[in-house]
>>> print(open('run.pdb').read())   # PDB, C-alpha atoms
ATOM      1  CA  MET A   1       0.000   0.000   0.000
ATOM      2  CA  THR A   2       1.281   3.446  -0.928
ATOM      3  CA  ILE A   3       0.377   6.407   1.257
ATOM      4  CA  LYS A   4       0.999  10.006   0.301
ATOM      5  CA  PRO A   5       3.261  11.831   2.761
ATOM      6  CA  SER A   6       1.334  14.301   4.882
ATOM      7  CA  ASN A   7       2.252  17.905   5.519
ATOM      8  CA  THR A   8       4.018  19.476   8.451
ATOM      9  CA  GLN A   9       0.787  20.547  10.154
ATOM     10  CA  GLU A  10      -0.266  16.902  10.325
ATOM     11  CA  TYR A  11       3.125  16.179  11.904
ATOM     12  CA  ALA A  12       2.241  18.486  14.775
ATOM     13  CA  ASN A  13      -1.232  16.993  15.140
ATOM     14  CA  ASN A  14      -0.004  13.399  15.162
ATOM     15  CA  LYS A  15       3.081  13.775  17.350
ATOM     16  CA  ALA A  16       0.998  13.179  20.472
ATOM     17  CA  ASN A  17      -0.005   9.808  19.027
ATOM     18  CA  ASN A  18       3.651   8.735  18.731
ATOM     19  CA  GLU A  19       3.656   9.173  14.980
ATOM     20  CA  ILE A  20       6.465  10.856  13.060
ATOM     21  CA  VAL A  21       5.017  11.907   9.736
ATOM     22  CA  ALA A  22       7.067  12.749   6.665
ATOM     23  CA  THR A  23       6.864  16.244   5.254
ATOM     24  CA  GLU A  24       6.113  17.222   1.692
ATOM     25  CA  SER A  25       9.830  17.367   0.948
ATOM     26  CA  SER A  26      10.113  13.571   1.184
ATOM     27  CA  SER A  27      10.662  11.998  -2.204
ATOM     28  CA  GLY A  28       9.863   8.301  -1.852
ATOM     29  CA  GLU A  29       6.873   6.156  -1.080
ATOM     30  CA  ILE A  30       5.930   5.109   2.429
ATOM     31  CA  GLU A  31       6.592   1.426   3.100
ATOM     32  CA  ASN A  32       5.215  -0.753   5.883
ATOM     33  CA  HIS A  33       7.674  -2.916   7.783
ATOM     34  CA  PRO A  34       7.224  -6.361   6.213
ATOM     35  CA  PHE A  35       7.895  -8.586   9.241
ATOM     36  CA  ALA A  36       5.788  -9.088  12.352
ATOM     37  CA  PRO A  37       7.520  -8.801  15.722
ATOM     38  CA  VAL A  38       8.755 -11.993  17.386
ATOM     39  CA  LEU A  39       7.330 -11.825  20.897
ATOM     40  CA  PRO A  40       7.976 -14.870  23.105
ATOM     41  CA  PRO A  41       5.859 -14.456  26.265
ATOM     42  CA  ASN A  42       8.878 -15.458  28.386
ATOM     43  CA  ALA A  43      11.211 -12.907  26.762
ATOM     44  CA  THR A  44      13.314 -10.807  29.113
ATOM     45  CA  VAL A  45      15.195  -8.816  26.440
ATOM     46  CA  MET A  46      13.992  -7.339  23.145
ATOM     47  CA  MET A  47      16.145  -6.613  20.103
ATOM     48  CA  MET A  48      15.094  -3.480  18.218
ATOM     49  CA  GLY A  49      16.438  -2.480  14.808
ATOM     50  CA  THR A  50      15.007  -0.233  12.107
ATOM     51  CA  PHE A  51      14.073  -1.342   8.581
ATOM     52  CA  PRO A  52      15.108  -4.229   6.294
ATOM     53  CA  PRO A  53      16.603  -3.814   2.827
ATOM     54  CA  THR A  54      14.429  -3.896  -0.274
ATOM     55  CA  SER A  55      12.947  -7.325  -1.028
ATOM     56  CA  ASP A  56      15.417  -8.051  -3.835
ATOM     57  CA  LYS A  57      18.103  -8.290  -1.113
ATOM     58  CA  TRP A  58      16.198 -10.818   1.001
ATOM     59  CA  ALA A  59      17.462 -14.362   1.500
ATOM     60  CA  MET A  60      14.426 -15.161   3.691
ATOM     61  CA  SER A  61      11.214 -13.535   4.903
ATOM     62  CA  PHE A  62      12.361 -12.734   8.419
ATOM     63  CA  HIS A  63      14.183 -10.098  10.421
ATOM     64  CA  TYR A  64      17.660  -9.244   9.103
ATOM     65  CA  PRO A  65      16.913 -11.053   5.834
ATOM     66  CA  ASN A  66      20.027 -10.074   3.869
ATOM     67  CA  PHE A  67      22.445 -13.006   3.764
ATOM     68  CA  TYR A  68      25.337 -10.548   3.970
ATOM     69  CA  ASN A  69      24.084  -8.966   7.181
ATOM     70  CA  ASP A  70      25.952 -10.729   9.992
ATOM     71  CA  MET A  71      23.214 -10.762  12.642
ATOM     72  CA  TRP A  72      22.531 -14.491  12.505
ATOM     73  CA  ARG A  73      26.212 -15.350  12.135
ATOM     74  CA  ILE A  74      26.811 -13.394  15.334
ATOM     75  CA  TYR A  75      24.012 -15.235  17.130
ATOM     76  CA  GLY A  76      25.408 -18.527  15.835
ATOM     77  CA  ARG A  77      28.865 -17.752  17.173
ATOM     78  CA  VAL A  78      27.661 -16.322  20.477
ATOM     79  CA  PHE A  79      25.361 -19.173  21.400
ATOM     80  CA  PHE A  80      26.753 -22.167  19.474
ATOM     81  CA  ASP A  81      30.322 -21.197  18.528
ATOM     82  CA  ASP A  82      29.287 -21.703  14.892
ATOM     83  CA  ALA A  83      28.711 -18.802  12.479
ATOM     84  CA  ASP A  84      26.757 -21.139  10.164
ATOM     85  CA  TYR A  85      24.491 -22.565  12.857
ATOM     86  CA  PHE A  86      21.367 -20.922  11.394
ATOM     87  CA  ARG A  87      22.449 -21.304   7.768
ATOM     88  CA  VAL A  88      20.638 -23.707   5.451
ATOM     89  CA  GLY A  89      23.420 -26.081   4.325
ATOM     90  CA  ASP A  90      25.630 -24.395   1.751
ATOM     91  CA  GLU A  91      22.832 -22.112   0.551
ATOM     92  CA  LYS A  92      23.079 -18.361   0.843
ATOM     93  CA  ARG A  93      20.208 -18.073   3.299
ATOM     94  CA  PHE A  94      19.344 -18.680   6.917
ATOM     95  CA  ASP A  95      16.506 -20.785   8.349
ATOM     96  CA  PRO A  96      13.821 -18.458   9.759
ATOM     97  CA  GLU A  97      11.993 -21.228  11.616
ATOM     98  CA  ARG A  98      15.157 -22.337  13.348
ATOM     99  CA  ILE A  99      15.867 -18.748  14.345
ATOM    100  CA  ARG A 100      12.330 -18.185  15.560
ATOM    101  CA  ASN A 101      12.327 -21.395  17.607
ATOM    102  CA  PHE A 102      15.651 -20.430  19.140
ATOM    103  CA  MET A 103      14.316 -17.008  20.136
ATOM    104  CA  PHE A 104      11.293 -18.555  21.824
ATOM    105  CA  GLU A 105      13.479 -21.074  23.648
ATOM    106  CA  ARG A 106      15.916 -18.417  24.894
ATOM    107  CA  GLY A 107      13.369 -15.713  25.666
ATOM    108  CA  ILE A 108      14.665 -13.139  23.183
ATOM    109  CA  ALA A 109      12.115 -10.900  21.448
ATOM    110  CA  SER A 110      12.659  -8.939  18.245
ATOM    111  CA  CYS A 111      10.631  -5.894  17.301
ATOM    112  CA  PRO A 112      11.531  -3.119  14.840
ATOM    113  CA  THR A 113      11.492   0.468  16.069
ATOM    114  CA  VAL A 114       9.938   1.575  12.769
ATOM    115  CA  LYS A 115       6.501   0.565  11.453
ATOM    116  CA  GLN A 116       6.530   2.802   8.373
ATOM    117  CA  ALA A 117       9.371   4.582   6.608
ATOM    118  CA  ILE A 118      10.491   6.239   3.398
ATOM    119  CA  ARG A 119      13.725   5.161   1.711
ATOM    120  CA  GLU A 120      15.005   8.487   0.462
ATOM    121  CA  THR A 121      17.702   6.826  -1.656
ATOM    122  CA  GLY A 122      16.003   3.478  -2.281
ATOM    123  CA  ASN A 123      18.275   1.409  -0.043
ATOM    124  CA  ALA A 124      18.356   0.244   3.571
ATOM    125  CA  SER A 125      20.776   2.885   4.835
ATOM    126  CA  ASP A 126      19.572   4.296   8.158
ATOM    127  CA  LYS A 127      21.236   7.570   7.237
ATOM    128  CA  ASN A 128      18.719   8.066   4.420
ATOM    129  CA  LEU A 129      15.692   6.537   6.127
ATOM    130  CA  THR A 130      12.832   8.873   7.027
ATOM    131  CA  VAL A 131      10.777   7.441   9.876
ATOM    132  CA  VAL A 132       7.064   7.908   9.290
ATOM    133  CA  THR A 133       5.526   5.834  12.079
ATOM    134  CA  PRO A 134       7.597   4.474  14.971
ATOM    135  CA  VAL A 135       6.823   1.377  17.002
ATOM    136  CA  ASP A 136       3.792   1.506  19.283
ATOM    137  CA  LEU A 137       5.329   0.329  22.545
ATOM    138  CA  ASP A 138       1.962   0.555  24.263
ATOM    139  CA  SER A 139       0.772  -2.402  22.185
ATOM    140  CA  ILE A 140       4.075  -4.327  22.160
ATOM    141  CA  LEU A 141       5.225  -4.258  25.792
ATOM    142  CA  PRO A 142       2.065  -5.887  27.232
ATOM    143  CA  GLN A 143       2.791  -8.899  25.024
ATOM    144  CA  VAL A 144       6.237  -9.340  26.586
ATOM    145  CA  PRO A 145       5.602  -8.428  30.238
ATOM    146  CA  LYS A 146       8.914  -9.885  31.470
ATOM    147  CA  VAL A 147      11.066  -7.710  29.211
ATOM    148  CA  ALA A 148      13.263  -5.451  31.310
ATOM    149  CA  THR A 149      15.879  -4.581  28.709
ATOM    150  CA  LEU A 150      15.638  -3.222  25.174
ATOM    151  CA  PHE A 151      18.711  -3.421  22.975
ATOM    152  CA  THR A 152      19.154  -1.568  19.726
ATOM    153  CA  THR A 153      21.297  -2.555  16.774
ATOM    154  CA  GLY A 154      22.539   0.881  15.794
ATOM    155  CA  GLY A 155      22.201   4.622  16.224
ATOM    156  CA  LYS A 156      18.972   5.190  14.286
ATOM    157  CA  ALA A 157      16.999   2.648  16.315
ATOM    158  CA  THR A 158      18.357   4.213  19.502
ATOM    159  CA  GLU A 159      17.317   7.664  18.289
ATOM    160  CA  VAL A 160      13.797   6.484  17.447
ATOM    161  CA  LEU A 161      13.269   4.880  20.871
ATOM    162  CA  LEU A 162      14.572   7.903  22.736
ATOM    163  CA  GLY A 163      12.211  10.041  20.673
ATOM    164  CA  LEU A 164       9.296   8.222  22.317
ATOM    165  CA  LEU A 165      10.156   9.445  25.812
ATOM    166  CA  ASP A 166       8.211  12.278  27.378
ATOM    167  CA  GLU A 167      11.353  14.191  28.304
ATOM    168  CA  PRO A 168      13.651  14.985  25.333
ATOM    169  CA  ILE A 169      17.226  13.739  25.617
ATOM    170  CA  ALA A 170      19.989  15.678  23.902
ATOM    171  CA  LYS A 171      21.749  13.674  21.231
ATOM    172  CA  SER A 172      25.018  14.179  23.088
ATOM    173  CA  LYS A 173      23.465  12.177  25.936
ATOM    174  CA  HIS A 174      22.445   9.212  23.770
ATOM    175  CA  PRO A 175      24.295   6.011  24.672
ATOM    176  CA  LYS A 176      27.308   5.250  22.528
ATOM    177  CA  THR A 177      27.905   1.756  21.144
ATOM    178  CA  ASN A 178      28.130  -0.809  23.972
ATOM    179  CA  GLN A 179      26.699   1.645  26.498
ATOM    180  CA  SER A 180      23.359   1.631  28.315
ATOM    181  CA  MET A 181      20.976   4.027  30.036
ATOM    182  CA  ASP A 182      17.712   4.026  31.946
ATOM    183  CA  TYR A 183      14.704   4.112  29.636
ATOM    184  CA  PRO A 184      11.746   5.636  31.534
ATOM    185  CA  TYR A 185       9.046   4.997  28.969
ATOM    186  CA  GLN A 186       5.579   5.931  30.191
ATOM    187  CA  TRP A 187       2.545   3.860  29.310
ATOM    188  CA  GLN A 188      -0.547   5.334  27.722
ATOM    189  CA  ASP A 189      -3.912   3.625  27.921
ATOM    190  CA  ALA A 190      -6.404   3.355  25.051
ATOM    191  CA  ASP A 191      -7.555   6.924  25.705
ATOM    192  CA  LYS A 192      -3.954   8.218  25.637
ATOM    193  CA  LYS A 193      -4.019   8.800  29.380
ATOM    194  CA  LYS A 194      -0.590   8.579  30.996
ATOM    195  CA  MET A 195      -0.042   5.494  33.117
ATOM    196  CA  ASP A 196       2.947   4.138  35.063
ATOM    197  CA  VAL A 197       6.572   4.583  34.031
ATOM    198  CA  ASN A 198       8.352   1.383  33.048
ATOM    199  CA  ASN A 199      11.667   0.609  34.691
ATOM    200  CA  LEU A 200      13.391  -0.408  31.473
ATOM    201  CA  THR A 201      17.039  -0.298  30.449
ATOM    202  CA  LEU A 202      18.201   0.568  26.943
ATOM    203  CA  TYR A 203      21.437  -0.877  25.563
ATOM    204  CA  ARG A 204      22.995   0.128  22.266
ATOM    205  CA  LEU A 205      24.897  -2.650  20.485
ATOM    206  CA  PRO A 206      26.878  -2.457  17.220
ATOM    207  CA  SER A 207      25.153  -2.600  13.866
ATOM    208  CA  THR A 208      25.524  -6.000  12.228
ATOM    209  CA  SER A 209      25.666  -4.477   8.749
ATOM    210  CA  ARG A 210      28.985  -5.018   7.012
ATOM    211  CA  ALA A 211      28.948  -1.306   6.249
ATOM    212  CA  TYR A 212      29.532  -0.652   9.942
ATOM    213  CA  PRO A 213      33.322  -0.332  10.438
ATOM    214  CA  LEU A 214      33.913  -2.953  13.120
ATOM    215  CA  SER A 215      35.307  -6.448  12.675
ATOM    216  CA  LEU A 216      33.034  -9.457  13.019
ATOM    217  CA  ASP A 217      35.077 -10.708  15.983
ATOM    218  CA  LYS A 218      34.532  -7.438  17.854
ATOM    219  CA  LYS A 219      30.809  -7.480  17.085
ATOM    220  CA  VAL A 220      30.581 -11.059  18.354
ATOM    221  CA  ALA A 221      32.437 -10.027  21.523
ATOM    222  CA  ALA A 222      30.012  -7.129  22.116
ATOM    223  CA  TYR A 223      26.905  -9.275  21.693
ATOM    224  CA  LYS A 224      28.389 -12.080  23.798
ATOM    225  CA  ALA A 225      29.188  -9.690  26.636
ATOM    226  CA  PHE A 226      25.639  -8.336  26.491
ATOM    227  CA  PHE A 227      23.952 -11.748  26.549
ATOM    228  CA  GLU A 228      26.215 -12.903  29.367
ATOM    229  CA  ARG A 229      25.183  -9.867  31.362
ATOM    230  CA  MET A 230      21.526 -10.645  30.613
ATOM    231  CA  GLY A 231      21.937 -14.211  31.874
ATOM    232  CA  LYS A 232      21.357 -15.765  28.454
ATOM    233  CA  LEU A 233      24.719 -17.571  28.355
TER
END
>>> encode(input="run.pdb", output="structure tokens")
Amino acid sequence: MTIKPSNTQEYANNKANNEIVATESSSGEIENHPFAPVLPPNATVMMMGTFPPTSDKWAMSFHYPNFYNDMWRIYGRVFFDDADYFRVGDEKRFDPERIRNFMFERGIASCPTVKQAIRETGNASDKNLTVVTPVDLDSILPQVPKVATLFTTGGKATEVLLGLLDEPIAKSKHPKTNQSMDYPYQWQDADKKKMDVNNLTLYRLPSTSRAYPLSLDKKVAAYKAFFERMGKL
């Protein structure tokens, strides 16, 4: 479905509903995130990225679908000491069912921070991604009531989540890679009435894109240290 970008007045009207709406200067079409969140009811941590590449880059219909993104190699090495653990034989694809089953077994949720976006340059680069509608945490968090920690896979996802807080946080105060901070997200009920503040923690981990200038070994080390701290290893 293609939706015409709305104007800046609509941005002001919708901001209270946790929607970031593109202005008339945006050039592309609005896309819906193609993958549903993975929400194990026993999850204690939730991975939160941004937007997948265009479908011609997919090796599977699941989160981090590009075969050349190292997310599932990192998980394979961290948990099984095998970068090809989730790979399908010698094929250039990973097994989404095996990944999903693993996430349910280990209590790891995955939910994108972006529901709708515009690719200003037609690729998956976060730098050129205009967020139209961010995640609705009020509908996601009740499905994973044991989650105490959110972890992002890059700067853009971190920026989107921090943009959902009631009190603005200067960009200079955003957590750097491998750092964490308190995340005092406040619930809203169905009538947008403010409810309790969640005692969540937000961690920022390295991007698993090969465009991110960090070796695979160092990325594996960062994710391993995080999951050890979370009691997953």
>>> closest_atom_pairs(input="run.pdb", of="range 32-104 of chain A", to="range 108-119 of chain A", cutoff="6 Å", atoms="all atoms listed in the file", output="JSON lines")
{"residue": "A:Asn32", "atom": "CA", "partner": "A:Gln116", "partner_atom": "CA", "distance": 4.5}
{"residue": "A:His33", "atom": "CA", "partner": "A:Lys115", "partner_atom": "CA", "distance": 5.2}
{"residue": "A:Pro37", "atom": "CA", "partner": "A:Cys111", "partner_atom": "CA", "distance": 4.5}
{"residue": "A:Val38", "atom": "CA", "partner": "A:Ser110", "partner_atom": "CA", "distance": 5.0}
{"residue": "A:Leu39", "atom": "CA", "partner": "A:Ala109", "partner_atom": "CA", "distance": 4.9}
{"residue": "A:Pro40", "atom": "CA", "partner": "A:Ala109", "partner_atom": "CA", "distance": 6.0}
{"residue": "A:Ala43", "atom": "CA", "partner": "A:Ile108", "partner_atom": "CA", "distance": 5.0}
{"residue": "A:Val45", "atom": "CA", "partner": "A:Ile108", "partner_atom": "CA", "distance": 5.4}
{"residue": "A:Met46", "atom": "CA", "partner": "A:Ala109", "partner_atom": "CA", "distance": 4.4}
{"residue": "A:Met47", "atom": "CA", "partner": "A:Ser110", "partner_atom": "CA", "distance": 4.6}
{"residue": "A:Met48", "atom": "CA", "partner": "A:Pro112", "partner_atom": "CA", "distance": 4.9}
{"residue": "A:Gly49", "atom": "CA", "partner": "A:Pro112", "partner_atom": "CA", "distance": 4.9}
{"residue": "A:Thr50", "atom": "CA", "partner": "A:Pro112", "partner_atom": "CA", "distance": 5.3}
{"residue": "A:Met103", "atom": "CA", "partner": "A:Ile108", "partner_atom": "CA", "distance": 4.9}
>>> write_last_selection(input="run.pdb", atoms="C-alpha atoms", output="mmCIF file, keeping the file's coordinate frame")
data_model
loop_
_atom_site.group_PDB
_atom_site.id
_atom_site.type_symbol
_atom_site.label_atom_id
_atom_site.label_comp_id
_atom_site.auth_asym_id
_atom_site.auth_seq_id
_atom_site.Cartn_x
_atom_site.Cartn_y
_atom_site.Cartn_z
ATOM 1 C CA ASN A 32 5.215 -0.753 5.883
ATOM 2 C CA HIS A 33 7.674 -2.916 7.783
ATOM 3 C CA PRO A 37 7.520 -8.801 15.722
ATOM 4 C CA VAL A 38 8.755 -11.993 17.386
ATOM 5 C CA LEU A 39 7.330 -11.825 20.897
ATOM 6 C CA PRO A 40 7.976 -14.870 23.105
ATOM 7 C CA ALA A 43 11.211 -12.907 26.762
ATOM 8 C CA VAL A 45 15.195 -8.816 26.440
ATOM 9 C CA MET A 46 13.992 -7.339 23.145
ATOM 10 C CA MET A 47 16.145 -6.613 20.103
ATOM 11 C CA MET A 48 15.094 -3.480 18.218
ATOM 12 C CA GLY A 49 16.438 -2.480 14.808
ATOM 13 C CA THR A 50 15.007 -0.233 12.107
ATOM 14 C CA MET A 103 14.316 -17.008 20.136
#
>>> closest_residue(input="run.pdb", among="A:Thr153, A:Thr121, A:Asn66, A:Ser180", to="Tyr212 in chain A", atoms="all atoms listed in the file")
A:Thr153
>>> resolve_selection(input="run.pdb", expression="the PyMOL selection byres ((chain A and resi 221) around 12)", output="JSON, numbers by chain")
{"A": [74, 75, 77, 78, 79, 81, 178, 205, 206, 214, 215, 216, 217, 218, 219, 220, 222, 223, 224, 225, 226, 227, 228]}
>>> axis_aligned_box(input="run.pdb", around="range 145-151 of chain A", padding_each_side="3 Å", output="JSON")
{"center_x": 12.2, "center_y": -6.6, "center_z": 27.2, "size_x": 19.1, "size_y": 12.7, "size_z": 14.5}
>>> atom_distance(input="run.pdb", atom1="CA of Ala211 in chain A", atom2="CA of Asp126 in chain A")
11.1 Å
